[in-house]
Every structure is written in C-alpha cells, then in structure tokens.
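What follows is a single structure, written as structure tokens, with notes after it.
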Amino acid sequence: EAIERAAKAFKATGCVRADFVALCNACGVVPHPSFMPPRETGEEDAGEDPTLVVRSMLLDRAASRVLRFVLPEATRLQTLRISGCSLDVEQLGLLRRGLGEACTVTTLHLDWNPLELPHDEAGAAELLRLGAEAKDEEELDELESSRR
C-alpha cells in the first residue's frame with residue numbers, strides 16, 4: 001500500500017503533528033484536521049505539546065494507518081487521548097502497532113470508542129446457535145471470550 005511504501009522512505013522529525021502531515025503529503029492522503037499543526041501566532045514556538053488530544057472526530061482508516069507509522073518516531077509525545085472518535089478493532093490494532101518499545105507515549109486514553117468488531121453474518125449466526133445451546137453462565141462466559 002502507498003502509506004507503507006512512503007513510511008519506509010520517510011524521515012521523521014519527532015514532532016507528531018508535523019510528521020503526520022508530511023507523511024500524508026508523501027503518500028497522497030489528505031491529512032486529518034485533528035493532527036494538523038496549530039496555526040502560527042507569530043510568537044516563538046516553545047516546542048510541541050507533549051499531549052495530543054483528539055476528541056469527537058471521526059477517524060478514518062487512512063489517518064489511523066499514517067498515525068501507526070508516525071507514533072514510533074514521535075519523540076516528544078507523552079500523552080495520547082482519543083475520545084469519542086468511533087475507533088474500531090482494526091484501528092485499535094493499528095494504534096497498538098504504533099505504540100511499540102520505541103514510542104515515548106506513557107499515558108493512553110481511549111474512552112467513548114465502541115471498538116466494535118466487523119459484522120460477520122456467518123459468525124454471528126454460529127454464536128447465536130452456540131449461545132442458545134449453552135447450559136450455564138460459565139459456558140456463556142466462555143462463548144463471549146471466544147468472540148474476542
């Protein structure tokens with residue numbers, strides 16, 4: 001995919017917002033507004049804020065894929081808060097891959113995201129059948145944990 005190819009050749013600066021926009025531009029993805037650097041006010045830049053908050057903004061998969069490659073190189077980011085952004089399980093997996101050992105994020109907040117599994121008709125029918133056959137609460141708990 002274009003994002004993975006661009007990420008291999010990308011030279012990060014350590015500033016998550018600037019790197020996000022630069023990688024988006026390198027791979028032809030429109031940057032998500034939540035990750036845009038703040039407008040310059042004419043004052044001297046005191047450095048990047050160590051906290052990135054994305055609140056009540058729908059995050060698309062392209063933004064999640066770009067963020068996955070930017071996070072390991074974001075040397076100044078300490079806190080990441082993604083709240084009410086309708087993340088799904090795939091996006092959470094991308095985020096997890098970005099939060100590896102090299103990542104400096106020490107605090108992660110993921111609240112008010114449904115983290116829903118993609119709907120699988122055949123799997124849902126099978127779960128309903130197995131759920132109806134479950135004899136006790138313990139079997140239902142086992143069935144529920146097998147969904148994850």
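Residues in the structure tokens are named by chain (A, B, ... in the order shown) and by number from 1 within that chain; ligands are numbered from 1 in the order shown.
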Checklist entry - Neighbours of A:Cys24 within 8 Å (only C-alpha atoms; same-chain residues fewer than 5 positions away dropped), as a count of residues only? => result 5
Next on the checklist: So that I can see what lies close to A:Arg5, please list as a list in words the residues with an atom at most 12 Å from it, counting only C-alpha atoms and leaving out residues fewer than 3 positions away in the same chain.
Outcome noted: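 In the requested form, the answer reads Glu1, Ala2, Lys8, Ala9, Phe10, Leu23, Cys24, Ala26, Cys27, Gly28, Arg65, Val66 and Phe69 of chain A.
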Please produce a file of the residues just selected, as a compact mmCIF listing (two decimals), in the first residue's frame, where the atoms kept are C-alpha atoms.
# COMPACT_ATOMS: atom_id res chain seq x y z
CA GLU A 1 0.00 0.00 0.00
CA ALA A 2 1.07 3.59 -0.62
CA LYS A 8 9.77 3.30 4.64
CA ALA A 9 11.40 6.28 2.94
CA PHE A 10 10.05 8.86 5.40
CA LEU A 23 3.77 11.56 5.71
CA CYS A 24 0.22 12.24 4.48
CA ALA A 26 4.24 11.92 0.83
CA CYS A 27 1.65 9.21 0.27
CA GLY A 28 -1.17 11.33 -1.17
CA ARG A 65 -2.56 3.92 9.18
CA VAL A 66 -0.49 7.11 8.96
CA PHE A 69 3.94 4.91 11.38
Hey, what does DSSP flag as helix (DSSP H, G or I) within stretch 10-103 of chain A? Can you give it to me as a PDB file with C-alpha atoms, in the first residue's frame?
ATOM      1  CA  VAL A  16       3.903  14.070  15.725  1.00  0.00           C
ATOM      2  CA  ARG A  17       1.767  16.734  14.041  1.00  0.00           C
ATOM      3  CA  ALA A  18       4.406  17.879  11.549  1.00  0.00           C
ATOM      4  CA  ASP A  19       5.386  14.283  10.765  1.00  0.00           C
ATOM      5  CA  PHE A  20       1.734  13.272  10.328  1.00  0.00           C
ATOM      6  CA  VAL A  21       1.149  15.999   7.747  1.00  0.00           C
ATOM      7  CA  ALA A  22       4.458  15.311   5.970  1.00  0.00           C
ATOM      8  CA  LEU A  23       3.767  11.558   5.711  1.00  0.00           C
ATOM      9  CA  CYS A  24       0.218  12.238   4.479  1.00  0.00           C
ATOM     10  CA  ASN A  25       1.618  14.523   1.787  1.00  0.00           C
ATOM     11  CA  ALA A  26       4.244  11.917   0.834  1.00  0.00           C
ATOM     12  CA  CYS A  27       1.650   9.211   0.270  1.00  0.00           C
ATOM     13  CA  PRO A  33      -7.711  18.048  10.740  1.00  0.00           C
ATOM     14  CA  SER A  34      -7.114  16.767  14.287  1.00  0.00           C
ATOM     15  CA  PHE A  35      -3.454  16.157  13.532  1.00  0.00           C
ATOM     16  CA  ARG A  61      -8.583   4.227   8.396  1.00  0.00           C
ATOM     17  CA  ALA A  62      -6.098   6.258   6.345  1.00  0.00           C
ATOM     18  CA  ALA A  63      -5.438   8.559   9.323  1.00  0.00           C
ATOM     19  CA  SER A  64      -5.051   5.523  11.585  1.00  0.00           C
ATOM     20  CA  ARG A  65      -2.560   3.923   9.179  1.00  0.00           C
ATOM     21  CA  VAL A  66      -0.488   7.108   8.962  1.00  0.00           C
ATOM     22  CA  LEU A  67      -0.571   7.526  12.754  1.00  0.00           C
ATOM     23  CA  ARG A  68       0.675   3.936  13.134  1.00  0.00           C
ATOM     24  CA  PHE A  69       3.940   4.912  11.385  1.00  0.00           C
ATOM     25  CA  VAL A  70       4.273   8.356  12.987  1.00  0.00           C
ATOM     26  CA  LEU A  71       3.870   7.304  16.647  1.00  0.00           C
ATOM     27  CA  PRO A  72       7.115   5.300  16.998  1.00  0.00           C
ATOM     28  CA  GLU A  73       9.079   8.338  15.824  1.00  0.00           C
ATOM     29  CA  VAL A  89     -10.970  -3.021  16.287  1.00  0.00           C
ATOM     30  CA  GLU A  90      -8.811  -2.648  13.158  1.00  0.00           C
ATOM     31  CA  GLN A  91      -7.920   0.943  14.047  1.00  0.00           C
ATOM     32  CA  LEU A  92      -7.115  -0.094  17.603  1.00  0.00           C
ATOM     33  CA  GLY A  93      -4.758  -2.741  16.199  1.00  0.00           C
ATOM     34  CA  LEU A  94      -3.020  -0.113  14.051  1.00  0.00           C
ATOM     35  CA  LEU A  95      -2.686   2.135  17.087  1.00  0.00           C
ATOM     36  CA  ARG A  96      -1.245  -0.738  19.111  1.00  0.00           C
ATOM     37  CA  ARG A  97       1.397  -1.411  16.447  1.00  0.00           C
ATOM     38  CA  GLY A  98       2.405   2.240  16.600  1.00  0.00           C
TER      39      GLY A  98
END
Applying 9 Å and only C-alpha atoms, which residues near A:Leu77 remain after dropping the ones on its own chain fewer than 3 positions away? List them as an mmCIF file with N, CA, C and O atoms, in the first residue's frame.
data_model
loop_
_atom_site.group_PDB
_atom_site.id
_atom_site.type_symbol
_atom_site.label_atom_id
_atom_site.label_comp_id
_atom_site.auth_asym_id
_atom_site.auth_seq_id
_atom_site.Cartn_x
_atom_site.Cartn_y
_atom_site.Cartn_z
ATOM 1 N N GLY A 14 10.292 13.872 14.734
ATOM 2 C CA GLY A 14 9.975 13.673 16.142
ATOM 3 C C GLY A 14 8.759 14.456 16.596
ATOM 4 O O GLY A 14 8.257 14.245 17.694
ATOM 5 N N CYS A 15 8.263 15.361 15.768
ATOM 6 C CA CYS A 15 7.054 16.144 16.072
ATOM 7 C C CYS A 15 5.869 15.442 15.431
ATOM 8 O O CYS A 15 5.778 15.379 14.199
ATOM 9 N N VAL A 16 4.977 14.913 16.238
ATOM 10 C CA VAL A 16 3.903 14.070 15.725
ATOM 11 C C VAL A 16 3.025 14.791 14.707
ATOM 12 O O VAL A 16 2.681 14.227 13.669
ATOM 13 N N GLU A 48 6.764 21.352 20.693
ATOM 14 C CA GLU A 48 5.491 20.652 20.533
ATOM 15 C C GLU A 48 4.910 20.262 21.891
ATOM 16 O O GLU A 48 5.639 19.878 22.801
ATOM 17 N N ASP A 49 3.604 20.369 21.997
ATOM 18 C CA ASP A 49 2.896 19.969 23.207
ATOM 19 C C ASP A 49 3.075 18.465 23.398
ATOM 20 O O ASP A 49 2.881 17.694 22.452
ATOM 21 N N PRO A 50 3.432 18.002 24.584
ATOM 22 C CA PRO A 50 3.628 16.563 24.804
ATOM 23 C C PRO A 50 2.307 15.784 24.880
ATOM 24 O O PRO A 50 2.318 14.568 25.033
ATOM 25 N N THR A 51 1.172 16.486 24.763
ATOM 26 C CA THR A 51 -0.141 15.843 24.823
ATOM 27 C C THR A 51 -0.877 16.070 23.518
ATOM 28 O O THR A 51 -0.965 17.188 23.025
ATOM 29 N N LEU A 52 -1.407 14.995 22.958
ATOM 30 C CA LEU A 52 -2.218 15.083 21.751
ATOM 31 C C LEU A 52 -3.617 14.590 22.094
ATOM 32 O O LEU A 52 -3.784 13.455 22.542
ATOM 33 N N LEU A 71 3.728 7.433 15.188
ATOM 34 C CA LEU A 71 3.870 7.304 16.647
ATOM 35 C C LEU A 71 5.238 6.791 17.118
ATOM 36 O O LEU A 71 5.787 7.341 18.073
ATOM 37 N N ALA A 74 7.604 9.706 17.218
ATOM 38 C CA ALA A 74 7.167 10.930 17.915
ATOM 39 C C ALA A 74 7.856 11.008 19.270
ATOM 40 O O ALA A 74 7.298 10.638 20.295
ATOM 41 N N LEU A 80 -1.459 10.505 24.812
ATOM 42 C CA LEU A 80 -2.339 10.439 23.647
ATOM 43 C C LEU A 80 -3.739 10.133 24.142
ATOM 44 O O LEU A 80 -3.953 9.150 24.847
ATOM 45 N N CYS A 103 8.297 3.939 21.208
ATOM 46 C CA CYS A 103 7.344 5.034 21.397
ATOM 47 C C CYS A 103 7.496 5.650 22.793
ATOM 48 O O CYS A 103 7.710 4.954 23.774
ATOM 49 N N THR A 104 7.382 6.985 22.871
ATOM 50 C CA THR A 104 7.543 7.691 24.149
ATOM 51 C C THR A 104 6.221 7.943 24.866
ATOM 52 O O THR A 104 6.218 8.550 25.934
ATOM 53 N N VAL A 105 5.112 7.476 24.300
ATOM 54 C CA VAL A 105 3.803 7.675 24.933
ATOM 55 C C VAL A 105 3.751 6.856 26.217
ATOM 56 O O VAL A 105 3.966 5.645 26.212
ATOM 57 N N THR A 106 3.494 7.542 27.324
ATOM 58 C CA THR A 106 3.397 6.861 28.621
ATOM 59 C C THR A 106 1.958 6.787 29.121
ATOM 60 O O THR A 106 1.663 6.004 30.010
#
Checklist entry - Which one is closest to A:Gln78: A:Ala6, A:Leu108, A:Ala12, A:Met57? Count only C-alpha atoms. => result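 Among the listed residues, the smallest separation from A:Gln78 belongs to A:Leu108.
You will find atom CA of A:Cys85 at 5.2 Å from atom CA of A:Ser56.
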Next on the checklist: Could you pull out the strand (DSSP E or B) residues of stretch 27-105 of chain A, going by DSSP on the backbone, and write them as a PyMOL selection string?
Outcome noted: chain A and resi 51-55+79-83
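Pairwise distance (atom CA of A:Gly84, atom CA of A:Gly100) equals 23.4 Å.
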Checklist entry - Could you name the residues that touch A:Ser83 at 10 Å or less, counting only C-alpha atoms, but leaving out those on the same chain fewer than 2 positions away, as a VMD selection string? => result chain A and resid 53 to 58 80 to 81 85 to 87 109 to 113
